[in-house]
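A.B. asks: So here's coords-v7.txt (compact mmCIF, C-alpha atoms).
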# COMPACT_ATOMS: atom_id res chain seq x y z
CA MET A 1348 29.47 -54.02 -19.42
CA PRO A 1349 28.12 -54.31 -22.97
CA ILE A 1350 27.17 -51.01 -24.57
CA LYS A 1351 23.48 -50.84 -25.30
CA GLU A 1352 23.06 -50.72 -29.05
CA ASP A 1353 20.22 -49.02 -30.82
CA HIS A 1354 19.51 -50.93 -34.01
CA THR A 1355 16.65 -48.89 -35.39
CA ILE A 1356 17.44 -47.43 -38.78
CA THR A 1357 15.51 -44.32 -39.70
CA ALA A 1358 15.72 -41.87 -42.55
CA ASP A 1359 17.78 -39.67 -40.25
CA THR A 1360 20.54 -42.29 -40.15
CA PHE A 1361 21.15 -41.45 -43.78
CA LEU A 1362 20.10 -37.82 -43.93
CA ASP A 1363 22.08 -36.61 -40.89
CA GLY A 1364 25.30 -36.65 -42.86
CA ILE A 1365 23.91 -34.59 -45.71
CA TRP A 1366 22.48 -31.62 -43.87
CA LYS A 1367 22.24 -31.67 -40.07
CA ASP A 1368 25.68 -33.11 -39.38
CA ASN A 1369 27.35 -32.28 -42.69
CA PRO A 1370 31.01 -33.16 -42.10
CA VAL A 1371 32.35 -30.07 -43.86
CA PHE A 1372 29.88 -27.26 -43.31
CA ILE A 1373 28.69 -28.12 -39.81
CA MET A 1374 31.38 -30.23 -38.17
CA LEU A 1375 34.35 -28.68 -40.00
CA LEU A 1376 36.11 -32.03 -40.41
CA GLY A 1377 38.46 -33.05 -43.18
CA MET A 1378 39.17 -29.50 -44.27
CA CYS A 1379 42.50 -30.13 -45.95
CA PRO A 1380 41.22 -32.03 -49.02
CA VAL A 1381 38.16 -29.78 -49.12
CA LEU A 1382 40.36 -26.76 -49.69
CA ALA A 1383 43.18 -28.34 -51.63
CA VAL A 1384 41.56 -30.35 -54.43
CA THR A 1385 38.48 -28.27 -55.17
CA ASN A 1386 40.01 -26.12 -57.91
CA SER A 1387 37.90 -28.01 -60.46
CA VAL A 1388 34.68 -30.02 -60.41
CA ILE A 1389 36.29 -33.22 -61.69
CA ASN A 1390 38.94 -33.22 -58.95
CA ALA A 1391 36.29 -32.52 -56.32
CA LEU A 1392 34.10 -35.36 -57.56
CA ALA A 1393 36.98 -37.85 -57.70
CA MET A 1394 38.11 -36.90 -54.22
CA GLY A 1395 34.55 -37.20 -52.88
CA ILE A 1396 34.08 -40.66 -54.35
CA ALA A 1397 37.49 -41.88 -53.15
CA THR A 1398 36.82 -40.63 -49.62
CA THR A 1399 33.33 -42.14 -49.56
CA PHE A 1400 34.72 -45.49 -50.70
CA VAL A 1401 37.35 -45.52 -47.95
CA LEU A 1402 34.82 -44.33 -45.39
CA ILE A 1403 32.30 -47.07 -46.19
CA CYS A 1404 34.81 -49.92 -46.49
CA SER A 1405 36.62 -49.04 -43.29
CA SER A 1406 33.30 -48.55 -41.47
CA ILE A 1407 32.10 -52.03 -42.45
CA LEU A 1408 35.30 -53.69 -41.32
CA ILE A 1409 35.53 -51.75 -38.07
CA SER A 1410 31.89 -52.40 -37.34
CA LEU A 1411 32.33 -56.13 -37.91
CA LEU A 1412 35.41 -56.22 -35.70
CA ARG A 1413 34.07 -53.86 -33.05
CA LYS A 1414 33.83 -56.56 -30.38
CA LEU A 1415 37.27 -58.00 -31.14
CA ILE A 1416 39.35 -54.82 -31.06
CA PRO A 1417 40.80 -54.15 -27.59
CA LYS A 1418 39.90 -50.69 -26.35
CA GLU A 1419 43.51 -49.66 -25.65
CA VAL A 1420 44.76 -50.08 -29.21
CA ARG A 1421 41.60 -49.13 -31.06
CA ILE A 1422 42.88 -45.90 -32.65
CA ALA A 1423 45.98 -47.65 -34.00
CA THR A 1424 43.82 -50.47 -35.36
CA TYR A 1425 41.44 -48.04 -37.05
CA ILE A 1426 44.31 -46.17 -38.67
CA VAL A 1427 45.87 -49.35 -40.03
CA ILE A 1428 42.50 -50.47 -41.45
CA ILE A 1429 41.94 -47.05 -43.04
CA ALA A 1430 45.50 -46.96 -44.42
CA THR A 1431 44.94 -50.35 -46.06
CA PHE A 1432 41.86 -49.15 -47.92
CA VAL A 1433 43.56 -45.90 -48.88
CA THR A 1434 46.46 -47.85 -50.39
CA ILE A 1435 43.94 -49.85 -52.43
CA THR A 1436 42.20 -46.66 -53.61
CA ASP A 1437 45.54 -45.09 -54.44
CA TYR A 1438 46.53 -47.96 -56.75
CA VAL A 1439 43.06 -48.16 -58.31
CA ILE A 1440 43.02 -44.47 -59.22
CA GLN A 1441 46.54 -44.77 -60.60
CA ALA A 1442 45.33 -47.64 -62.79
CA ILE A 1443 42.17 -45.88 -64.02
CA SER A 1444 43.47 -42.43 -64.83
CA LEU A 1445 47.03 -41.29 -64.47
CA GLU A 1446 45.99 -37.73 -65.29
CA LEU A 1447 43.58 -37.61 -62.36
CA TYR A 1448 46.16 -39.26 -60.13
CA ASN A 1449 48.67 -36.52 -60.90
CA ALA A 1450 46.07 -33.78 -60.39
CA LEU A 1451 45.12 -35.06 -56.93
CA GLY A 1452 48.74 -35.73 -56.03
CA ALA A 1453 49.49 -36.72 -52.46
CA PHE A 1454 45.96 -35.92 -51.38
CA ILE A 1455 44.72 -39.44 -52.16
CA GLN A 1456 47.23 -40.88 -49.72
CA LEU A 1457 46.37 -38.14 -47.28
CA ILE A 1458 42.82 -39.53 -47.01
CA VAL A 1459 44.38 -41.61 -44.22
CA VAL A 1460 44.58 -38.56 -42.00
CA ASN A 1461 41.15 -37.21 -42.92
CA CYS A 1462 39.69 -36.59 -39.47
CA MET A 1463 36.20 -37.30 -40.75
CA ILE A 1464 36.94 -40.98 -41.39
CA LEU A 1465 38.67 -41.58 -38.07
CA GLY A 1466 35.94 -39.59 -36.33
CA ARG A 1467 33.23 -41.76 -37.88
CA ALA A 1468 35.12 -44.92 -36.93
CA GLU A 1469 35.44 -43.79 -33.34
CA ALA A 1470 31.99 -42.28 -32.89
CA TYR A 1471 29.81 -44.50 -35.04
CA ALA A 1472 31.29 -47.66 -36.53
CA SER A 1473 32.63 -48.89 -33.20
CA LYS A 1474 29.16 -48.72 -31.66
CA ASN A 1475 26.75 -49.85 -34.37
CA ARG A 1476 25.88 -52.82 -36.56
CA PRO A 1477 27.41 -52.98 -40.06
CA LEU A 1478 24.20 -52.19 -41.97
CA LYS A 1479 23.44 -49.07 -39.97
CA THR A 1480 27.06 -47.97 -40.26
CA VAL A 1481 26.99 -48.37 -44.03
CA ILE A 1482 23.85 -46.28 -44.37
CA ASN A 1483 25.28 -43.57 -42.15
CA GLY A 1484 28.63 -43.73 -43.91
CA LEU A 1485 26.89 -43.37 -47.27
CA GLY A 1486 25.10 -40.26 -46.02
CA MET A 1487 28.30 -38.79 -44.61
CA GLY A 1488 30.21 -39.55 -47.79
CA LEU A 1489 27.47 -38.01 -49.89
CA GLY A 1490 27.43 -34.93 -47.65
CA PHE A 1491 31.20 -34.65 -48.03
CA THR A 1492 30.99 -35.03 -51.82
CA ILE A 1493 28.23 -32.42 -52.05
CA ALA A 1494 30.33 -30.01 -50.01
CA LEU A 1495 33.33 -30.63 -52.27
CA LEU A 1496 31.15 -30.03 -55.34
CA CYS A 1497 29.75 -26.82 -53.84
CA LEU A 1498 33.29 -25.49 -53.53
CA GLY A 1499 34.60 -27.01 -56.73
CA SER A 1500 31.83 -25.63 -58.95
CA VAL A 1501 32.10 -22.08 -57.58
CA ARG A 1502 35.87 -22.08 -57.85
CA GLU A 1503 35.97 -23.52 -61.35
CA LEU A 1504 33.18 -21.24 -62.55
CA LEU A 1505 34.84 -18.06 -61.29
CA GLY A 1506 38.44 -19.15 -61.60
CA SER A 1507 38.45 -20.47 -65.15
CA GLY A 1508 34.96 -19.58 -66.40
CA SER A 1509 34.07 -23.19 -67.08
CA LEU A 1510 32.21 -26.10 -65.55
CA LEU A 1511 33.48 -29.69 -65.98
CA GLY A 1512 35.83 -28.28 -68.60
CA PHE A 1513 33.05 -26.71 -70.73
CA SER A 1514 33.29 -22.97 -71.15
CA ILE A 1515 30.27 -21.23 -69.63
CA PHE A 1516 30.90 -17.52 -69.90
CA GLY A 1517 32.46 -17.50 -73.38
CA ALA A 1518 35.86 -16.30 -74.49
CA GLN A 1519 35.53 -12.65 -73.44
CA PHE A 1520 35.25 -13.64 -69.74
CA GLN A 1521 38.18 -12.49 -67.62
CA PRO A 1522 38.79 -15.37 -65.15
CA TRP A 1523 39.33 -14.58 -61.47
CA VAL A 1524 42.59 -16.48 -61.23
CA VAL A 1525 42.73 -16.00 -57.47
CA MET A 1526 39.81 -18.42 -57.10
CA ILE A 1527 41.79 -21.44 -58.28
CA LEU A 1528 44.81 -20.37 -56.24
CA PRO A 1529 45.03 -21.23 -52.52
CA PRO A 1530 43.39 -18.02 -51.13
CA GLY A 1531 40.30 -18.69 -53.26
CA GLY A 1532 39.69 -21.93 -51.38
CA PHE A 1533 39.58 -20.12 -48.06
CA PHE A 1534 37.38 -17.34 -49.40
CA VAL A 1535 34.84 -19.64 -51.08
CA LEU A 1536 34.53 -21.95 -48.06
CA GLY A 1537 34.20 -18.90 -45.81
CA SER A 1538 31.42 -17.53 -48.02
CA TRP A 1539 29.54 -20.86 -47.98
CA LEU A 1540 29.74 -20.92 -44.20
CA LEU A 1541 28.45 -17.33 -44.08
CA LEU A 1542 25.52 -18.35 -46.27
CA PHE A 1543 24.64 -21.32 -44.05
CA ASN A 1544 24.97 -19.21 -40.91
CA TRP A 1545 22.63 -16.69 -42.45
CA ILE A 1546 20.05 -19.36 -43.32
CA ARG A 1547 20.16 -20.79 -39.82
CA GLU A 1548 19.91 -17.34 -38.24
CA HIS A 1549 16.99 -16.53 -40.53
CA ASN A 1550 15.14 -19.73 -39.61
CA LYS A 1551 15.74 -19.17 -35.92
CA ASN A 1552 14.32 -15.64 -36.09
CA LYS A 1553 11.31 -16.92 -37.98
CA THR A 1554 10.45 -19.60 -35.40
CA GLN A 1555 10.96 -17.07 -32.61
CA GLN A 1556 8.55 -14.67 -34.25
CA LEU A 1557 6.00 -17.46 -34.70
CA GLU A 1558 6.33 -18.41 -31.04
CA GLN A 1559 5.84 -14.82 -29.95
CA LYS A 1560 2.72 -14.56 -32.07
CA GLY A 1561 1.41 -17.76 -30.52
CA THR A 1562 1.89 -16.58 -26.94
CA SER A 1563 0.60 -13.04 -27.31
CA MET B 113 69.78 -20.44 -56.03
CA PRO B 114 69.90 -24.07 -57.20
CA THR B 115 66.65 -25.83 -56.29
CA ASP B 116 68.33 -28.68 -54.44
CA SER B 117 70.46 -26.56 -52.13
CA VAL B 118 69.68 -26.87 -48.44
CA SER B 119 68.83 -23.20 -47.98
CA PHE B 120 66.43 -23.24 -50.92
CA ILE B 121 64.64 -26.32 -49.59
CA PHE B 122 64.29 -24.66 -46.20
CA LEU B 123 62.92 -21.40 -47.63
CA ASN B 124 60.67 -23.27 -50.00
CA ALA B 125 58.94 -25.16 -47.19
CA PHE B 126 58.99 -22.12 -44.89
CA LEU B 127 57.64 -19.35 -47.12
CA MET B 128 57.08 -20.10 -50.79
CA ASN B 129 55.14 -23.33 -50.37
CA ASN B 130 54.04 -22.80 -46.80
CA PHE B 131 52.43 -26.06 -45.69
CA VAL B 132 49.36 -24.43 -44.21
CA LEU B 133 48.68 -21.43 -46.41
CA ALA B 134 49.77 -22.67 -49.82
CA LEU B 135 49.47 -26.46 -49.67
CA PHE B 136 46.46 -26.69 -47.30
CA LEU B 137 48.05 -29.19 -44.97
CA GLY B 138 47.25 -29.13 -41.28
CA ILE B 139 44.18 -26.94 -41.55
CA CYS B 140 42.43 -28.65 -38.62
CA PRO B 141 44.87 -27.58 -35.88
CA PHE B 142 45.40 -24.30 -37.73
CA LEU B 143 41.73 -23.42 -37.23
CA GLY B 144 41.20 -25.38 -34.02
CA VAL B 145 44.11 -24.33 -31.80
CA SER B 146 44.70 -20.78 -33.03
CA GLY B 147 42.36 -19.16 -30.49
CA LYS B 148 45.11 -18.11 -28.08
CA LEU B 149 48.64 -17.01 -28.88
CA LYS B 150 50.27 -19.06 -26.13
CA THR B 151 48.63 -22.39 -27.01
CA ALA B 152 49.32 -21.71 -30.67
CA TRP B 153 53.04 -21.41 -29.88
CA SER B 154 53.16 -24.67 -27.96
CA MET B 155 51.06 -26.47 -30.57
CA GLY B 156 53.46 -25.25 -33.25
CA LEU B 157 56.48 -26.42 -31.30
CA ALA B 158 54.96 -29.85 -30.54
CA THR B 159 54.02 -30.30 -34.20
CA THR B 160 57.50 -29.29 -35.34
CA LEU B 161 59.05 -31.80 -32.96
CA VAL B 162 56.83 -34.61 -34.27
CA MET B 163 57.61 -33.47 -37.82
CA LEU B 164 61.37 -33.74 -37.24
CA ILE B 165 61.19 -37.16 -35.60
CA SER B 166 58.79 -38.65 -38.11
CA SER B 167 60.47 -37.21 -41.18
CA LEU B 168 63.87 -38.56 -40.17
CA SER B 169 62.40 -41.96 -39.32
CA ALA B 170 60.47 -41.93 -42.57
CA TYR B 171 63.73 -41.41 -44.45
CA PHE B 172 65.30 -44.55 -43.02
CA ILE B 173 62.09 -46.58 -43.32
CA ASN B 174 61.81 -45.66 -46.96
CA GLN B 175 65.39 -46.90 -47.52
CA LEU B 176 64.40 -50.22 -45.95
CA LEU B 177 61.17 -50.47 -47.95
CA VAL B 178 62.98 -49.79 -51.21
CA TYR B 179 65.66 -52.33 -50.29
CA PHE B 180 63.07 -55.06 -49.72
CA ALA B 181 60.88 -53.81 -52.65
CA ILE B 182 57.74 -53.48 -50.53
CA GLU B 183 56.87 -49.85 -51.25
CA PHE B 184 53.13 -50.57 -51.11
CA LEU B 185 53.45 -50.76 -47.33
CA ARG B 186 54.80 -47.20 -47.23
CA LEU B 187 51.60 -45.51 -46.08
CA ILE B 188 50.94 -47.98 -43.28
CA CYS B 189 54.54 -47.78 -42.03
CA TYR B 190 54.59 -43.98 -42.10
CA ILE B 191 51.36 -43.62 -40.19
CA ALA B 192 52.56 -46.11 -37.57
CA VAL B 193 55.79 -44.15 -37.14
CA ILE B 194 53.90 -40.88 -36.79
CA ALA B 195 51.52 -42.34 -34.23
CA SER B 196 54.44 -43.60 -32.15
CA ALA B 197 56.27 -40.28 -32.44
CA VAL B 198 53.17 -38.47 -31.19
CA GLN B 199 52.91 -40.92 -28.30
CA LEU B 200 56.56 -40.25 -27.48
CA VAL B 201 56.12 -36.47 -27.49
CA GLU B 202 52.96 -36.82 -25.45
CA MET B 203 54.63 -38.91 -22.77
CA SER B 204 57.69 -36.68 -22.49
CA MET B 205 55.51 -33.58 -22.34
CA LYS B 206 53.39 -35.13 -19.58
CA LYS B 207 56.58 -35.75 -17.61
CA PHE B 208 58.43 -32.49 -18.22
CA SER B 209 55.69 -29.88 -18.52
CA PRO B 210 52.30 -31.03 -17.23
CA GLY B 211 50.88 -27.51 -17.60
CA LEU B 212 51.49 -27.48 -21.32
CA PHE B 213 50.15 -31.02 -21.54
CA ARG B 214 46.84 -29.91 -20.05
CA ALA B 215 46.67 -26.77 -22.18
CA LEU B 216 46.90 -28.72 -25.42
CA GLY B 217 44.46 -31.37 -24.27
CA ILE B 218 42.74 -33.33 -27.01
CA PHE B 219 44.75 -31.63 -29.73
CA LEU B 220 47.94 -33.43 -28.72
CA PRO B 221 46.85 -36.94 -29.77
CA LEU B 222 45.20 -35.35 -32.80
CA ILE B 223 48.65 -34.39 -34.11
CA THR B 224 48.61 -37.93 -35.49
CA THR B 225 45.87 -36.96 -37.92
CA ASN B 226 47.58 -33.70 -38.86
CA CYS B 227 48.02 -34.06 -42.59
CA ALA B 228 51.03 -31.74 -42.55
CA ILE B 229 53.10 -34.47 -40.91
CA LEU B 230 52.14 -37.34 -43.19
CA GLY B 231 52.27 -34.92 -46.12
CA LEU B 232 55.83 -33.95 -45.22
CA ALA B 233 56.93 -37.58 -45.08
CA LEU B 234 55.25 -38.33 -48.42
CA PHE B 235 56.55 -35.23 -50.20
CA GLN B 236 60.14 -35.82 -49.15
CA THR B 237 59.82 -39.36 -50.50
CA PHE B 238 58.36 -38.17 -53.82
CA LYS B 239 61.07 -35.54 -54.17
CA GLU B 240 63.77 -38.10 -53.32
CA TYR B 241 65.58 -35.88 -50.84
CA ASN B 242 68.69 -37.20 -49.15
CA PHE B 243 69.18 -37.11 -45.39
CA ILE B 244 70.42 -33.52 -45.06
CA GLN B 245 67.78 -32.24 -47.49
CA SER B 246 65.04 -34.06 -45.54
CA LEU B 247 66.29 -32.41 -42.38
CA ALA B 248 66.14 -28.96 -43.99
CA TYR B 249 62.71 -29.69 -45.47
CA SER B 250 61.18 -30.77 -42.16
CA THR B 251 62.73 -27.84 -40.26
CA GLY B 252 61.35 -25.46 -42.87
CA ALA B 253 57.92 -27.05 -42.79
CA GLY B 254 57.83 -26.91 -39.00
CA ALA B 255 58.94 -23.28 -38.93
CA GLY B 256 56.33 -22.48 -41.56
CA PHE B 257 53.62 -24.15 -39.51
CA ILE B 258 54.62 -22.17 -36.41
CA LEU B 259 54.67 -18.94 -38.43
CA ALA B 260 51.22 -19.54 -39.87
CA ILE B 261 49.51 -20.64 -36.66
CA VAL B 262 51.09 -17.85 -34.57
CA LEU B 263 50.12 -15.17 -37.12
CA MET B 264 46.61 -16.57 -37.18
CA ALA B 265 46.36 -16.66 -33.38
CA GLY B 266 47.53 -13.05 -33.16
CA LEU B 267 44.90 -11.98 -35.68
CA ARG B 268 42.15 -13.91 -33.95
CA GLU B 269 43.00 -12.41 -30.55
CA LYS B 270 42.53 -8.97 -32.11
CA LEU B 271 39.36 -10.12 -33.82
CA GLU B 272 37.74 -10.91 -30.47
CA LEU B 273 37.68 -7.19 -29.73
CA ALA B 274 35.93 -6.41 -32.99
CA ASN B 275 32.20 -6.08 -33.19
CA LEU B 276 31.00 -8.66 -35.71
CA PRO B 277 27.47 -9.39 -36.87
CA ASN B 278 26.09 -12.70 -35.57
CA THR B 279 26.11 -14.30 -38.99
CA SER B 280 29.84 -14.01 -39.52
CA GLN B 281 31.04 -15.23 -36.13
CA GLY B 282 33.15 -18.34 -35.70
CA ALA B 283 34.68 -20.41 -38.45
CA ALA B 284 33.45 -18.30 -41.36
CA MET B 285 35.43 -15.25 -40.25
CA SER B 286 38.51 -17.33 -39.42
CA LEU B 287 38.47 -18.73 -42.96
CA MET B 288 38.24 -15.25 -44.45
CA LEU B 289 41.24 -14.24 -42.32
CA ALA B 290 43.13 -17.32 -43.46
CA GLY B 291 42.32 -16.37 -47.04
CA ILE B 292 43.82 -12.92 -46.60
CA LEU B 293 46.90 -14.42 -44.92
CA SER B 294 47.25 -16.88 -47.77
CA LEU B 295 46.90 -14.05 -50.26
CA SER B 296 49.79 -12.21 -48.64
CA PHE B 297 51.91 -15.36 -48.62
CA MET B 298 51.45 -15.62 -52.37
CA GLY B 299 53.81 -12.67 -52.53
CA PHE B 300 56.64 -14.98 -51.47
CA ALA B 301 56.05 -17.23 -54.48
CA GLY B 302 58.37 -15.11 -56.59
CA LEU B 303 61.33 -15.67 -54.24
CA GLY B 304 62.54 -18.73 -56.11
CA ASN B 305 63.23 -16.97 -59.40
Let me see whether you can do it: turn the structure in this file into structure tokens.
C.D. replies:
Amino acid sequence: MPIKEDHTITADTFLDGIWKDNPVFIMLLGMCPVLAVTNSVINALAMGIATTFVLICSSILISLLRKLIPKEVRIATYIVIIATFVTITDYVIQAISLELYNALGAFIQLIVVNCMILGRAEAYASKNRPLKTVINGLGMGLGFTIALLCLGSVRELLGSGSLLGFSIFGAQFQPWVVMILPPGGFFVLGSWLLLFNWIREHNKNKTQQLEQKGTS
Amino acid sequence: MPTDSVSFIFLNAFLMNNFVLALFLGICPFLGVSGKLKTAWSMGLATTLVMLISSLSAYFINQLLVYFAIEFLRLICYIAVIASAVQLVEMSMKKFSPGLFRALGIFLPLITTNCAILGLALFQTFKEYNFIQSLAYSTGAGAGFILAIVLMAGLREKLELANLPNTSQGAAMSLMLAGILSLSFMGFAGLGN
């Protein structure tokens, strides 16, 4: 039985990944790179771009091959496709900037096991046409990059008092070293989640109050 | 202690550079399966088993890859080995303890995408460990993973009794807890000197 495919592309196809289904803040996928490489803005940006590239490329290929891949071996196939693109990215980054390559370390190769990419392949690319998949993948990748930047900027600002390497607070600033160390990653991500929870709670209360006003 | 001695490598992976709390590997199962102490234990054991199998296989595969000078296939080979190791553990668990198999559910196949396992294989390759050292490294990493996930599960079981405001329920609070745990593990960093 062929799966019924919905080909309509709306603004939501793109925007879902940025806010409503943000891979990091809402779905909590791909947490390892989010926490590990966000000790500076540059690292966060590079990681975001690399992940987006792998996500889009693998999505296109999987989407094109979606009718050829047997259902039983689909996960293995997806992983091999993803691993191929990650290997390409790994060598490209090594060629562009060795400094960046050393800063990101094994985490470029670990994009292979980023649950977000495999999750997208399984839930989206295997069911939709290439164009729609690309648009959705772009949104997801952008959402992921934004999340990385959210963490990276806070951690770099507090942890070394700079942004993109430029000093912000001046020389007399005492950096919170803990922010660029591992615990800082957990704390900053936790705080972002608290903030988003608070916004959602706030909005929910507001709509409830409006509804009550309307009925009374 | 010399840095290449077996005991140092074990302690390094176990405490000083704990895979979960210091290197951020395997965060997904760490947050996802740490709700109950018992499942956390079995998840830790299953992961450790896969770690041992895949790290030892990775050692021999790397020898082969280097021999034939095709290192660029390393990532693809490693992930294939890990996926098969997970399949193996899954099948034997289904046969020998169906209860545990059901308890772990979806998280068992997801061990494949646990970055701690691929990370372990990659790190031991970068550090050029020999066979015995790889064995110590993977045992240490596995023990460290169990330690972290069991500590976390214990904390979260206690947390369920606490009265939290709505805003801070769920993942946000778990991350704060993980941060405090990670902070305390930083104390072990001085062990090497």
A.B. asks: Rank A:Gly1466, A:Gly1506, A:Gly1537, A:Gly1486 by their smallest atom-to-atom distance to chain B, using all atoms listed in the file, and report the top residue only.
C.D. replies: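 Among the listed residues, the smallest separation from chain B belongs to A:Gly1537.
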A.B. asks: Within 6 Å of chain B, which residues of chain A show up? Give each one with its shortest atom-to-atom distance in Å (one decimal) and the two atoms involved, counting all atoms listed in the file, rows by chain then rising residue number, as a tab-separated table.
C.D. replies:
residue	atom	partner	partner_atom	distance
A:Cys1379	CA	B:Phe136	CA	5.4
A:Ala1383	CA	B:Phe136	CA	5.7
A:Ala1430	CA	B:Ile188	CA	5.7
A:Val1460	CA	B:Thr225	CA	4.6
A:Pro1529	CA	B:Ala134	CA	5.6
A:Pro1530	CA	B:Gly291	CA	4.5
A:Phe1533	CA	B:Gly291	CA	4.8
A:Phe1534	CA	B:Met288	CA	5.4
A:Gly1537	CA	B:Ala284	CA	4.6
A:Leu1540	CA	B:Ala284	CA	5.4
A:Leu1541	CA	B:Ala284	CA	5.8
A:Asn1544	CA	B:Thr279	CA	5.4
A:Trp1545	CA	B:Thr279	CA	5.5
A.B. asks: Please save C-alpha atoms of the selected residues as an mmCIF file, keeping the file's coordinate frame.
C.D. replies:
data_model
loop_
_atom_site.group_PDB
_atom_site.id
_atom_site.type_symbol
_atom_site.label_atom_id
_atom_site.label_comp_id
_atom_site.auth_asym_id
_atom_site.auth_seq_id
_atom_site.Cartn_x
_atom_site.Cartn_y
_atom_site.Cartn_z
ATOM 1 C CA CYS A 1379 42.500 -30.130 -45.950
ATOM 2 C CA ALA A 1383 43.180 -28.340 -51.630
ATOM 3 C CA ALA A 1430 45.500 -46.960 -44.420
ATOM 4 C CA VAL A 1460 44.580 -38.560 -42.000
ATOM 5 C CA PRO A 1529 45.030 -21.230 -52.520
ATOM 6 C CA PRO A 1530 43.390 -18.020 -51.130
ATOM 7 C CA PHE A 1533 39.580 -20.120 -48.060
ATOM 8 C CA PHE A 1534 37.380 -17.340 -49.400
ATOM 9 C CA GLY A 1537 34.200 -18.900 -45.810
ATOM 10 C CA LEU A 1540 29.740 -20.920 -44.200
ATOM 11 C CA LEU A 1541 28.450 -17.330 -44.080
ATOM 12 C CA ASN A 1544 24.970 -19.210 -40.910
ATOM 13 C CA TRP A 1545 22.630 -16.690 -42.450
#
A.B. asks: Let me make sure I understand: among A:Thr1480, A:Asn1475, A:Ala1442, A:Leu1536, which one has the smallest atom-to-atom distance to Leu1375 (chain A) if we use all atoms listed in the file?
C.D. replies: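 Residue with the minimum atom-to-atom distance to Leu1375 (chain A): A:Leu1536.
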A.B. asks: Quick one: pull the distance between CA of Val162 (chain B) and CA of Gly256 (chain B), Å, one decimal.
C.D. replies: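 Between CA of Val162 (chain B) and CA of Gly256 (chain B) the gap is 14.2 Å.
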A.B. asks: Hey, can you check how far CA of Leu220 (chain B) sits from CA of Phe1400 (chain A)?
C.D. replies: 28.3 Å
A.B. asks: Using only C-alpha atoms, determine which residues lie at most 9 Å from Asp1363 (chain A), disregarding the query and same-chain residues fewer than 3 positions distant; provide the list as a list in words.
C.D. replies: Ala1358, Asp1359, Thr1360, Trp1366, Lys1367, Asp1368, Asn1369, Asn1483, Gly1486, Met1487 and Gly1490 of chain A
A.B. asks: Can you measure CA of Thr1398 (chain A) to CA of Trp1539 (chain A) for me? One decimal in Å is fine.
C.D. replies: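 Interatomic distance, CA of Thr1398 (chain A) to CA of Trp1539 (chain A): 21.1 Å.
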A.B. asks: Give me the residues within 12 Å of Gly302 (chain B) as a PDB file with C-alpha atoms, in the coordinates of the input, counting all atoms listed in the file and dropping any in the same chain fewer than 5 places off.
C.D. replies:
ATOM      1  CA  LEU B 123      62.920 -21.400 -47.630  1.00  0.00           C
ATOM      2  CA  ASN B 124      60.670 -23.270 -50.000  1.00  0.00           C
ATOM      3  CA  LEU B 127      57.640 -19.350 -47.120  1.00  0.00           C
ATOM      4  CA  MET B 128      57.080 -20.100 -50.790  1.00  0.00           C
ATOM      5  CA  ASN B 129      55.140 -23.330 -50.370  1.00  0.00           C
ATOM      6  CA  PHE B 297      51.910 -15.360 -48.620  1.00  0.00           C
TER       7      PHE B 297
END
A.B. asks: Report, as AutoDock Vina command-line options, the centre and edge lengths in Å (one decimal) of the axis-aligned box enclosing every listed atom of region 200-214 of chain B, padded by 4 Å on each side.
C.D. replies:
--center_x 52.6 --center_y -33.9 --center_z -22.4 --size_x 19.6 --size_y 20.8 --size_z 18.3
A.B. asks: From the set A:Ile1429, A:Leu1557, A:Leu1528, A:Ile1365, which residue has the shortest atom-to-atom contact distance to Ser1406 (chain A), counting all atoms listed in the file?
C.D. replies: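 Checking each of A:Ile1429, A:Leu1557, A:Leu1528, A:Ile1365 against Ser1406 (chain A), counting all atoms listed in the file, the winner is A:Ile1429.
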A.B. asks: Determine the nearest neighbour of Ala1494 (chain A) from the options A:Ile1435, A:Val1535, A:Ile1409, A:Ala1470, counting all atoms listed in the file.
C.D. replies: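 Once distances to Ala1494 (chain A) are computed over all atoms listed in the file, the minimum belongs to A:Val1535.
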A.B. asks: Kindly extract all protein, DNA and RNA residues lying within 10 Å of the coordinates (63.2, -39.3, -39.4) given in the file, considering all atoms listed in the file, and supply them as a VMD selection string.
C.D. replies: chain B and resid 162 to 174 193 to 194 197 233 243 246 to 247 250
A.B. asks: Which residues are close to Glu1446 (chain A), i.e. within 12 Å by only C-alpha atoms, leaving aside same-chain residues fewer than 4 positions away? Reply as JSON, numbers by chain.
C.D. replies: {"A": [1389, 1390, 1393, 1440, 1441, 1442, 1450, 1451, 1452]}
A.B. asks: With all atoms listed in the file as the counted atoms, please give the residues lying no more than 7 Å from Met1463 (chain A), apart from itself and same-chain residues fewer than 3 positions off, as a ChimeraX atom specification.
C.D. replies: /A:1370,1376-1377,1466-1467
A.B. asks: So, with only C-alpha atoms as the atoms that count, which of A:Ala1423, A:Ile1373, A:Val1388, A:Ile1464 lies closest to Val1501 (chain A)?
C.D. replies: A:Val1388
A.B. asks: Could you tell me which of A:Leu1495, A:Ile1428, A:Ile1443, A:Leu1411 comes closest to Ser1387 (chain A) if we count all atoms listed in the file?
C.D. replies: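 Nearest candidate to Ser1387 (chain A) out of A:Leu1495, A:Ile1428, A:Ile1443, A:Leu1411: A:Leu1495.
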